[in-house]
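Visitor: final26.cif is reproduced below (mmCIF, C-alpha atoms).
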```
data_query
loop_
_atom_site.label_atom_id
_atom_site.label_comp_id
_atom_site.auth_asym_id
_atom_site.auth_seq_id
_atom_site.Cartn_x
_atom_site.Cartn_y
_atom_site.Cartn_z
CA MET A 6 59.80 7.71 -52.06
CA LYS A 7 61.52 6.58 -48.86
CA ILE A 8 59.45 9.02 -46.80
CA SER A 9 56.26 7.70 -48.36
CA LYS A 10 57.22 4.12 -47.53
CA TYR A 11 58.12 5.22 -44.00
CA PHE A 12 54.70 6.77 -43.46
CA LYS A 13 53.01 3.71 -44.92
CA SER A 14 54.83 1.52 -42.41
CA ILE A 15 53.85 3.83 -39.56
CA PHE A 16 50.18 3.76 -40.56
CA LEU A 17 50.23 -0.01 -40.94
CA ALA A 18 51.68 -0.39 -37.45
CA LEU A 19 49.21 2.06 -35.93
CA THR A 20 46.26 0.44 -37.69
CA PHE A 21 47.28 -3.04 -36.58
CA GLY A 22 47.75 -1.79 -33.03
CA MET A 23 44.36 -0.10 -32.91
CA ILE A 24 42.61 -3.12 -34.40
CA SER A 25 44.21 -5.34 -31.78
CA THR A 26 43.24 -2.92 -29.00
CA VAL A 27 39.62 -2.70 -30.10
CA LEU A 28 39.28 -6.45 -30.58
CA LEU A 29 40.85 -7.09 -27.19
CA ALA A 30 38.53 -4.58 -25.52
CA GLN A 31 35.53 -6.15 -27.23
CA ALA A 32 36.60 -9.62 -26.09
CA VAL A 33 36.84 -8.44 -22.50
CA ILE A 34 33.28 -7.11 -22.45
CA ASN A 35 31.83 -9.82 -24.69
CA PRO A 36 29.53 -11.93 -22.46
CA ALA A 37 29.66 -14.98 -24.73
CA ALA A 38 32.99 -16.43 -23.66
CA THR A 39 32.91 -18.89 -20.76
CA ASP A 40 31.67 -18.73 -17.19
CA ASP A 41 35.23 -18.36 -15.94
CA ASP A 42 36.03 -15.47 -18.30
CA VAL A 43 33.20 -13.17 -17.20
CA GLU A 44 32.87 -11.81 -13.67
CA ILE A 45 29.96 -9.42 -14.27
CA GLY A 46 27.74 -9.73 -17.33
CA ILE A 47 26.08 -12.44 -19.39
CA VAL A 48 27.47 -15.75 -20.62
CA GLU A 49 24.96 -17.01 -23.15
CA HIS A 50 23.79 -20.61 -22.67
CA LEU A 51 21.64 -20.95 -25.77
CA ASP A 52 19.98 -24.33 -26.36
CA THR A 53 20.64 -25.51 -22.82
CA TYR A 54 17.87 -26.56 -20.44
CA LEU A 55 17.26 -25.15 -16.99
CA PRO A 56 17.84 -27.66 -14.17
CA ASN A 57 14.71 -29.11 -12.58
CA ASP A 58 15.80 -28.61 -8.96
CA ILE A 59 15.49 -24.81 -8.65
CA GLN A 60 13.05 -23.86 -5.90
CA LEU A 61 11.39 -20.44 -5.63
CA ILE A 62 8.97 -18.69 -3.27
CA ASN A 63 5.98 -17.26 -5.12
CA GLU A 64 3.70 -14.31 -4.30
CA GLN A 65 1.54 -16.53 -2.08
CA GLY A 66 4.55 -17.54 -0.01
CA GLU A 67 4.52 -21.04 -1.46
CA GLN A 68 7.54 -23.00 -2.59
CA VAL A 69 7.40 -23.85 -6.30
CA ASN A 70 9.70 -25.49 -8.81
CA LEU A 71 10.98 -23.20 -11.57
CA THR A 72 10.76 -25.64 -14.47
CA GLN A 73 7.30 -26.82 -13.40
CA ILE A 74 5.84 -23.32 -13.73
CA ILE A 75 7.37 -22.87 -17.18
CA ASP A 76 4.57 -24.10 -19.43
CA LYS A 77 4.70 -21.39 -22.10
CA PRO A 78 7.31 -19.05 -23.59
CA THR A 79 8.91 -17.49 -20.54
CA ILE A 80 11.04 -14.40 -19.98
CA ILE A 81 13.20 -14.59 -16.86
CA ASN A 82 14.80 -11.50 -15.41
CA PHE A 83 17.03 -11.34 -12.38
CA VAL A 84 16.98 -8.22 -10.24
CA TYR A 85 17.12 -7.34 -6.60
CA PHE A 86 14.25 -5.28 -5.35
CA ARG A 87 16.35 -2.78 -3.36
CA CYS A 88 18.57 -2.04 -6.37
CA PRO A 89 19.38 1.71 -6.60
CA GLY A 90 20.66 1.45 -10.16
CA ILE A 91 19.61 -0.30 -13.36
CA CYS A 92 16.96 -2.65 -11.96
CA SER A 93 14.22 -0.02 -11.90
CA PRO A 94 14.81 1.19 -15.50
CA LEU A 95 14.94 -2.44 -16.61
CA MET A 96 11.63 -3.25 -14.95
CA GLU A 97 10.07 -0.08 -16.33
CA ALA A 98 11.19 -1.18 -19.80
CA VAL A 99 9.59 -4.59 -19.28
CA ALA A 100 6.35 -2.95 -18.17
CA GLY A 101 6.46 -0.62 -21.17
CA VAL A 102 6.98 -3.30 -23.80
CA MET A 103 4.37 -5.57 -22.20
CA ASP A 104 1.93 -2.68 -22.44
CA LYS A 105 2.72 -2.05 -26.13
CA SER A 106 3.01 -5.63 -27.37
CA ASP A 107 -0.01 -7.26 -28.99
CA LEU A 108 0.81 -10.50 -27.17
CA VAL A 109 -1.03 -11.15 -23.92
CA PRO A 110 0.94 -11.96 -20.76
CA GLY A 111 -0.30 -15.08 -19.02
CA LYS A 112 -1.74 -16.40 -22.29
CA ASP A 113 0.96 -16.07 -24.95
CA TYR A 114 3.90 -15.85 -22.58
CA GLN A 115 4.86 -15.11 -18.99
CA VAL A 116 7.52 -13.04 -17.26
CA LEU A 117 9.24 -14.33 -14.13
CA THR A 118 11.08 -11.74 -12.05
CA ILE A 119 13.43 -13.38 -9.57
CA SER A 120 15.39 -11.61 -6.86
CA PHE A 121 18.96 -12.83 -6.67
CA ASP A 122 19.35 -11.37 -3.16
CA PRO A 123 18.50 -14.21 -0.76
CA SER A 124 17.82 -11.75 2.06
CA GLU A 125 14.83 -10.18 0.28
CA THR A 126 11.26 -11.20 1.08
CA ILE A 127 8.33 -11.71 -1.27
CA ASP A 128 6.43 -8.86 0.42
CA LEU A 129 8.92 -6.41 -1.05
CA GLY A 130 8.57 -8.10 -4.43
CA ILE A 131 4.78 -7.74 -4.33
CA ARG A 132 5.08 -4.01 -3.58
CA LYS A 133 7.50 -3.61 -6.48
CA LYS A 134 5.14 -5.50 -8.78
CA THR A 135 2.30 -3.15 -7.88
CA ASN A 136 4.49 -0.14 -8.69
CA TYR A 137 5.44 -1.46 -12.12
CA LEU A 138 1.88 -2.51 -13.01
CA ASN A 139 0.85 1.08 -12.28
CA LEU A 140 3.18 2.21 -15.08
CA MET A 141 1.12 0.33 -17.66
CA ASN A 142 -1.75 2.10 -19.42
CA ASN A 143 -3.75 -0.66 -21.10
CA PRO A 144 -6.35 -1.92 -18.57
CA ASP A 145 -6.55 -5.33 -20.27
CA LYS A 146 -2.78 -5.74 -20.19
CA ILE A 147 -2.65 -4.68 -16.55
CA GLU A 148 -5.22 -7.30 -15.63
CA ALA A 149 -3.41 -9.95 -17.65
CA ALA A 150 -0.03 -9.02 -16.14
CA LYS A 151 -1.34 -9.65 -12.64
CA THR A 152 -1.14 -13.37 -13.37
CA GLY A 153 1.29 -13.26 -16.31
CA TRP A 154 4.07 -11.32 -14.59
CA LEU A 155 5.15 -13.22 -11.50
CA PHE A 156 7.60 -12.22 -8.80
CA PHE A 157 9.75 -14.59 -6.75
CA VAL A 158 12.43 -14.79 -4.09
CA SER A 159 14.56 -17.77 -3.19
CA ASP A 160 17.36 -19.16 -1.06
CA SER A 161 21.03 -18.75 -1.92
CA ALA A 162 21.47 -22.32 -3.22
CA SER A 163 18.62 -22.08 -5.75
CA ILE A 164 19.66 -18.56 -6.76
CA ILE A 165 23.16 -19.79 -7.58
CA LYS A 166 21.74 -22.67 -9.62
CA ALA A 167 19.39 -20.37 -11.52
CA THR A 168 21.92 -17.64 -12.29
CA ASN A 169 24.60 -20.16 -13.26
CA ALA A 170 22.16 -21.96 -15.55
CA THR A 171 21.25 -18.75 -17.38
CA GLY A 172 24.79 -17.30 -17.38
CA PHE A 173 23.81 -14.29 -15.29
CA LYS A 174 27.06 -13.14 -13.63
CA TYR A 175 26.96 -10.68 -10.75
CA LYS A 176 29.07 -9.64 -7.79
CA ARG A 177 28.20 -8.45 -4.31
CA THR A 178 29.72 -5.15 -3.17
CA GLY A 179 28.74 -4.45 0.42
CA ASN A 180 24.96 -4.46 0.64
CA ASP A 181 24.49 -4.06 -3.12
CA PHE A 182 25.38 -5.95 -6.28
CA LEU A 183 27.09 -5.22 -9.58
CA HIS A 184 25.21 -6.80 -12.46
CA ALA A 185 24.08 -6.35 -16.04
CA ALA A 186 20.65 -5.64 -17.52
CA SER A 187 19.46 -8.67 -19.44
CA LEU A 188 16.47 -10.96 -19.93
CA THR A 189 16.60 -14.70 -20.61
CA VAL A 190 13.95 -16.21 -22.89
CA THR A 191 13.04 -19.89 -22.64
CA SER A 192 10.77 -22.27 -24.52
CA PRO A 193 7.82 -24.01 -22.83
CA ASP A 194 10.12 -26.94 -22.01
CA ALA A 195 12.63 -24.63 -20.25
CA LYS A 196 15.22 -24.45 -23.03
CA ILE A 197 17.09 -21.14 -23.30
CA THR A 198 16.36 -19.70 -26.74
CA ARG A 199 17.36 -16.04 -26.64
CA TYR A 200 18.77 -13.17 -24.57
CA LEU A 201 17.44 -9.62 -24.63
CA ASN A 202 20.06 -7.18 -23.40
CA GLY A 203 19.85 -3.57 -22.33
CA MET A 204 17.08 -1.44 -20.91
CA TYR A 205 14.93 -0.79 -23.98
CA PHE A 206 13.01 -3.40 -25.93
CA LEU A 207 11.15 -2.99 -29.19
CA PRO A 208 7.71 -4.63 -29.38
CA PHE A 209 8.78 -6.41 -32.59
CA GLU A 210 11.92 -7.78 -30.94
CA TRP A 211 9.88 -8.82 -27.91
CA LYS A 212 7.28 -10.60 -30.03
CA MET A 213 9.86 -12.31 -32.23
CA ALA A 214 11.70 -13.69 -29.20
CA ILE A 215 8.44 -15.05 -27.75
CA VAL A 216 7.19 -16.55 -31.03
CA GLU A 217 10.50 -18.29 -31.68
CA ALA A 218 10.62 -19.53 -28.09
CA SER A 219 7.16 -21.05 -28.53
CA LYS A 220 8.62 -23.14 -31.36
CA GLY A 221 11.77 -23.99 -29.41
CA GLN A 222 13.92 -22.07 -31.89
CA SER A 223 16.98 -20.31 -30.54
CA GLY A 224 18.06 -17.04 -32.08
CA PRO A 225 21.05 -14.71 -31.99
CA THR A 226 21.25 -11.85 -29.54
CA LEU A 227 20.33 -8.82 -31.62
CA ASN A 228 21.57 -6.12 -29.25
CA LYS A 229 25.34 -6.37 -29.73
CA VAL A 230 26.03 -2.63 -29.87
CA LEU A 231 25.41 -2.12 -26.17
CA ARG A 232 28.27 -4.37 -25.19
CA PHE A 233 30.68 -2.57 -27.45
CA CYS A 234 29.73 1.08 -27.10
CA TYR A 235 28.74 0.96 -23.46
CA SER A 236 30.41 -0.41 -20.35
CA TYR A 237 29.16 -0.90 -16.82
CA ASP A 238 30.06 1.81 -14.31
CA PRO A 239 30.25 0.11 -10.88
CA VAL A 240 30.26 3.48 -9.10
CA GLY A 241 27.16 4.91 -10.75
CA GLN A 242 25.70 1.42 -11.26
CA THR A 243 24.63 2.21 -14.79
CA TYR A 244 25.75 1.84 -18.39
CA VAL A 245 27.91 4.69 -19.63
CA LEU A 246 29.28 5.56 -23.03
CA ASN A 247 32.83 4.24 -23.31
CA ILE A 248 34.61 7.13 -25.03
CA THR A 249 37.91 5.25 -25.32
CA LYS A 250 36.49 2.35 -27.31
CA VAL A 251 34.35 4.55 -29.55
CA SER A 252 37.24 6.94 -30.19
CA ALA A 253 39.59 4.08 -30.97
CA THR A 254 37.12 2.74 -33.51
CA LEU A 255 36.76 6.11 -35.21
CA ILE A 256 40.53 6.67 -35.27
CA MET A 257 41.03 3.21 -36.73
CA PHE A 258 38.48 3.93 -39.46
CA PHE A 259 40.05 7.25 -40.51
CA ALA A 260 43.55 5.75 -40.32
CA LEU A 261 42.48 3.01 -42.71
CA VAL A 262 40.95 5.54 -45.10
CA LEU A 263 44.11 7.63 -45.07
CA LEU A 264 46.30 4.59 -45.51
CA LEU A 265 44.29 3.36 -48.48
CA PHE A 266 44.45 6.83 -50.02
CA MET A 267 48.23 6.93 -49.69
CA VAL A 268 48.67 3.43 -51.08
CA PHE A 269 46.32 3.71 -54.04
CA LYS A 270 46.53 7.39 -54.96
CA PRO A 271 47.65 7.90 -58.55
CA LYS A 272 51.29 8.81 -58.97
CA ARG A 273 52.10 12.09 -60.67
CA ARG A 274 53.87 11.82 -63.96
CA LYS A 275 57.12 13.68 -64.27
CA THR A 276 56.95 16.54 -66.74
CA ILE A 277 59.88 17.15 -69.03
#
```
Will you turn the file into structure tokens for me?
Guide:
Amino acid sequence: MKISKYFKSIFLALTFGMISTVLLAQAVINPAATDDDVEIGIVEHLDTYLPNDIQLINEQGEQVNLTQIIDKPTIINFVYFRCPGICSPLMEAVAGVMDKSDLVPGKDYQVLTISFDPSETIDLGIRKKTNYLNLMNNPDKIEAAKTGWLFFVSDSASIIKATNATGFKYKRTGNDFLHAASLTVTSPDAKITRYLNGMYFLPFEWKMAIVEASKGQSGPTLNKVLRFCYSYDPVGQTYVLNITKVSATLIMFFALVLLLFMVFKPKRRKTI
């Protein structure tokens, strides 16, 4: 009996320790804390409005105001055009879901791609836009995306205002940047209503975010698994499977099962 109680205590301690470790790890990578808690990632600013003093340079080389061009549900994504890592897969995913969605860019919604590297020019952005439009297959969607998917560059002051307003946290490393893959959805009056994280978007999820944004309704971020099962690799500049966190979760689960079995298993009756 003493041995059984000893093992129960051990399992309780291990289980508590693993739960604390997993919760702590999840808190570290959870992008919903505060701006000061997250260095690279997303701090969600749902139901907040974008400031009206953010200036951008559009594809015609003209200076425009961000909030003044938001007149419909808008998806904002921050990239830098020279990015050797996750920017290209992210933009390919945007092109893919725009192609598959039954909503029409430029009519039902718009996508604004903004470079957060102040040294980049709009000429490079235009070339990138052409490349991503070529990935789309639907001729009608391609034509619509020419005016419904807009590319911009800006100066450092406006970039800081825009990224701070949307909670997009990034860090320069030499000539490149460490950053996450995420889209910010706003209503026609520039209120942040949803975040779409990762590098794959379902047409249903895309449409739901746009429809709710058109009504000014904010919604929860559906893609929570990415932030738990995956972490950002600053060397490879990509998301990688975090074996430690996944393993800890599995170990915790089996430890709980074993503990419950030991606690609640029926005791054998002594035979005379």
Visitor: Give me the residues near region 217-228 of chain A as an MDAnalysis selection string, where near means some atom within 12 Å (using only C-alpha atoms) and where sequence neighbours in that chain fewer than 6 positions away do not count.
Guide: chainID A and resid 35:37 47:54 75:80 112:115 186:207 209:211 234:235
Visitor: Using all atoms listed in the file and a cutoff of 10 Å, can you tell me which residues are near (20.1, -1.9, -7.1) in the file's coordinates, and write them out as a PDB file with C-alpha atoms, in the coordinates of the input?
Guide:
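Final file, selection39.pdb:
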```pdb
ATOM      1  CA  VAL A  84      16.980  -8.220 -10.240  1.00  0.00           C
ATOM      2  CA  TYR A  85      17.120  -7.340  -6.600  1.00  0.00           C
ATOM      3  CA  PHE A  86      14.250  -5.280  -5.350  1.00  0.00           C
ATOM      4  CA  ARG A  87      16.350  -2.780  -3.360  1.00  0.00           C
ATOM      5  CA  CYS A  88      18.570  -2.040  -6.370  1.00  0.00           C
ATOM      6  CA  PRO A  89      19.380   1.710  -6.600  1.00  0.00           C
ATOM      7  CA  GLY A  90      20.660   1.450 -10.160  1.00  0.00           C
ATOM      8  CA  ILE A  91      19.610  -0.300 -13.360  1.00  0.00           C
ATOM      9  CA  CYS A  92      16.960  -2.650 -11.960  1.00  0.00           C
ATOM     10  CA  SER A  93      14.220  -0.020 -11.900  1.00  0.00           C
ATOM     11  CA  ASN A 180      24.960  -4.460   0.640  1.00  0.00           C
ATOM     12  CA  ASP A 181      24.490  -4.060  -3.120  1.00  0.00           C
ATOM     13  CA  PHE A 182      25.380  -5.950  -6.280  1.00  0.00           C
ATOM     14  CA  LEU A 183      27.090  -5.220  -9.580  1.00  0.00           C
ATOM     15  CA  HIS A 184      25.210  -6.800 -12.460  1.00  0.00           C
ATOM     16  CA  GLN A 242      25.700   1.420 -11.260  1.00  0.00           C
ATOM     17  CA  THR A 243      24.630   2.210 -14.790  1.00  0.00           C
TER      18      THR A 243
END
```
Visitor: Mind pulling up the distance from CA of Leu71 (chain A) to CA of Asn57 (chain A)?
Guide: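 For CA of Asn57 (chain A) relative to CA of Leu71 (chain A), the distance reads 7.1 Å.
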Visitor: Here's the selection I'm unsure about, the PyMOL selection byres ((chain A and resi 155) around 6); applied to the file above, which residues does it give, as a PyMOL selection string?
Guide: chain A and resi 117+154+156
Visitor: Given the choices A:Gly46, A:Val216, A:Leu61, A:Gly153, which gets closest to Asn169 (chain A) if the distance is worked out from only C-alpha atoms?
Guide: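 Comparing A:Gly46, A:Val216, A:Leu61, A:Gly153 against Asn169 (chain A), the winner is A:Gly46.
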Visitor: So what does the PyMOL selection byres ((chain A and resi 125) around 9) actually pick up in this one, as a list in words?
Guide: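 Matching residues under the PyMOL selection byres ((chain A and resi 125) around 9) are Tyr85, Phe86, Arg87, Ser120, Phe121, Asp122, Pro123, Ser124, Thr126, Ile127, Asp128, Leu129, Gly130, Val158 and Ser159 of chain A.
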Visitor: Asn70 (chain A): which residues within 7 Å, counting only C-alpha atoms, same-chain residues fewer than 4 positions away excluded, as an mmCIF file with C-alpha atoms, keeping the file's coordinate frame?
Guide:
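The result, stored in selection_27.cif:
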```cif
data_model
loop_
_atom_site.group_PDB
_atom_site.id
_atom_site.type_symbol
_atom_site.label_atom_id
_atom_site.label_comp_id
_atom_site.auth_asym_id
_atom_site.auth_seq_id
_atom_site.Cartn_x
_atom_site.Cartn_y
_atom_site.Cartn_z
ATOM 1 C CA ASP A 58 15.800 -28.610 -8.960
ATOM 2 C CA ILE A 59 15.490 -24.810 -8.650
ATOM 3 C CA GLN A 60 13.050 -23.860 -5.900
ATOM 4 C CA LEU A 61 11.390 -20.440 -5.630
ATOM 5 C CA ILE A 74 5.840 -23.320 -13.730
#
```
Visitor: Go ahead and compute the interatomic distance for CA of Ile62 (chain A) and CA of Asn139 (chain A), in Å to one decimal.
Guide: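 Separation between CA of Ile62 (chain A) and CA of Asn139 (chain A): 23.2 Å.
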Visitor: So which one's closest to Ile165 (chain A), A:Gly66, A:Val102, A:Ile119, A:Thr135? Using only C-alpha atoms, please.
Guide: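 Of A:Gly66, A:Val102, A:Ile119, A:Thr135, the one nearest Ile165 (chain A), counting only C-alpha atoms, is A:Ile119.
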Visitor: How many Å lie between CA of Met213 (chain A) and CA of Tyr175 (chain A), rounded to one decimal?
Guide: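 Those two atoms sit 27.5 Å apart.
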Visitor: Restricting the calculation to all atoms listed in the file, which member of A:Glu44, A:Phe173, A:Pro208, A:Thr168 is positioned closest to Lys105 (chain A)?
Guide: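 The closest residue to Lys105 (chain A) is A:Pro208.
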Visitor: Which residue out of A:Val69, A:Val43, A:Ile147, A:Thr118 has the minimum interatomic distance to Lys133 (chain A) when only C-alpha atoms are used?
Guide: A:Thr118
Visitor: Measuring between all atoms listed in the file, which one of A:Leu55, A:Met141, A:Ile81, A:Ala167 shows the shortest distance to Ser106 (chain A)?
Guide: A:Met141
Visitor: Could you complete region 193-226 of chain A so that it carries N, CA and C atoms, and give it back as a compact mmCIF listing (two decimals), keeping the file's coordinate frame?
Guide:
```
# COMPACT_ATOMS: atom_id res chain seq x y z
N PRO A 193 8.71 -23.39 -23.83
CA PRO A 193 7.82 -24.01 -22.83
C PRO A 193 8.42 -25.20 -22.11
N ASP A 194 9.47 -25.83 -22.69
CA ASP A 194 10.12 -26.94 -22.01
C ASP A 194 11.42 -26.51 -21.34
N ALA A 195 11.53 -25.19 -21.05
CA ALA A 195 12.63 -24.63 -20.25
C ALA A 195 13.98 -24.66 -20.95
N LYS A 196 13.97 -24.57 -22.28
CA LYS A 196 15.22 -24.45 -23.03
C LYS A 196 15.50 -22.97 -23.30
N ILE A 197 16.72 -22.53 -23.06
CA ILE A 197 17.09 -21.14 -23.30
C ILE A 197 17.19 -20.90 -24.80
N THR A 198 16.41 -19.94 -25.30
CA THR A 198 16.36 -19.70 -26.74
C THR A 198 16.88 -18.33 -27.16
N ARG A 199 16.91 -17.38 -26.24
CA ARG A 199 17.36 -16.04 -26.64
C ARG A 199 17.67 -15.20 -25.39
N TYR A 200 18.50 -14.17 -25.61
CA TYR A 200 18.77 -13.17 -24.57
C TYR A 200 18.39 -11.80 -25.12
N LEU A 201 17.77 -11.00 -24.28
CA LEU A 201 17.44 -9.62 -24.63
C LEU A 201 18.21 -8.72 -23.68
N ASN A 202 19.18 -7.99 -24.22
CA ASN A 202 20.06 -7.18 -23.40
C ASN A 202 19.68 -5.71 -23.43
N GLY A 203 20.07 -5.00 -22.38
CA GLY A 203 19.85 -3.57 -22.33
C GLY A 203 18.62 -3.19 -21.52
N MET A 204 18.21 -1.95 -21.68
CA MET A 204 17.08 -1.44 -20.91
C MET A 204 16.03 -0.79 -21.80
N TYR A 205 15.98 -1.25 -23.06
CA TYR A 205 14.93 -0.79 -23.98
C TYR A 205 14.64 -1.92 -24.94
N PHE A 206 13.38 -2.27 -25.09
CA PHE A 206 13.01 -3.40 -25.93
C PHE A 206 11.92 -2.98 -26.91
N LEU A 207 12.15 -3.28 -28.18
CA LEU A 207 11.15 -2.99 -29.19
C LEU A 207 10.05 -4.04 -29.17
N PRO A 208 8.79 -3.64 -29.36
CA PRO A 208 7.71 -4.63 -29.38
C PRO A 208 7.94 -5.74 -30.40
N PHE A 209 8.52 -5.39 -31.57
CA PHE A 209 8.78 -6.41 -32.59
C PHE A 209 9.82 -7.41 -32.09
N GLU A 210 10.89 -6.91 -31.48
CA GLU A 210 11.92 -7.78 -30.94
C GLU A 210 11.36 -8.68 -29.84
N TRP A 211 10.53 -8.09 -29.00
CA TRP A 211 9.88 -8.82 -27.91
C TRP A 211 9.01 -9.95 -28.46
N LYS A 212 8.19 -9.61 -29.45
CA LYS A 212 7.28 -10.60 -30.03
C LYS A 212 8.06 -11.70 -30.75
N MET A 213 9.08 -11.32 -31.49
CA MET A 213 9.86 -12.31 -32.23
C MET A 213 10.51 -13.30 -31.28
N ALA A 214 11.06 -12.81 -30.16
CA ALA A 214 11.70 -13.69 -29.20
C ALA A 214 10.69 -14.68 -28.60
N ILE A 215 9.47 -14.19 -28.34
CA ILE A 215 8.44 -15.05 -27.75
C ILE A 215 7.93 -16.07 -28.76
N VAL A 216 7.69 -15.64 -30.00
CA VAL A 216 7.19 -16.55 -31.03
C VAL A 216 8.20 -17.65 -31.31
N GLU A 217 9.48 -17.29 -31.43
CA GLU A 217 10.50 -18.29 -31.68
C GLU A 217 10.66 -19.23 -30.49
N ALA A 218 10.53 -18.68 -29.28
CA ALA A 218 10.62 -19.53 -28.09
C ALA A 218 9.47 -20.54 -28.06
N SER A 219 8.30 -20.14 -28.52
CA SER A 219 7.16 -21.05 -28.53
C SER A 219 7.41 -22.25 -29.44
N LYS A 220 8.28 -22.06 -30.44
CA LYS A 220 8.62 -23.14 -31.36
C LYS A 220 9.90 -23.87 -30.95
N GLY A 221 10.52 -23.39 -29.86
CA GLY A 221 11.77 -23.99 -29.41
C GLY A 221 12.97 -23.59 -30.23
N GLN A 222 12.83 -22.52 -31.03
CA GLN A 222 13.92 -22.07 -31.89
C GLN A 222 14.78 -21.05 -31.17
N SER A 223 16.07 -21.28 -31.14
CA SER A 223 16.98 -20.31 -30.54
C SER A 223 17.42 -19.31 -31.59
N GLY A 224 17.67 -18.09 -31.16
CA GLY A 224 18.06 -17.04 -32.08
C GLY A 224 19.23 -16.24 -31.55
N PRO A 225 19.90 -15.51 -32.41
CA PRO A 225 21.05 -14.71 -31.99
C PRO A 225 20.62 -13.52 -31.15
N THR A 226 21.51 -13.06 -30.32
CA THR A 226 21.25 -11.85 -29.54
C THR A 226 21.41 -10.65 -30.46
```
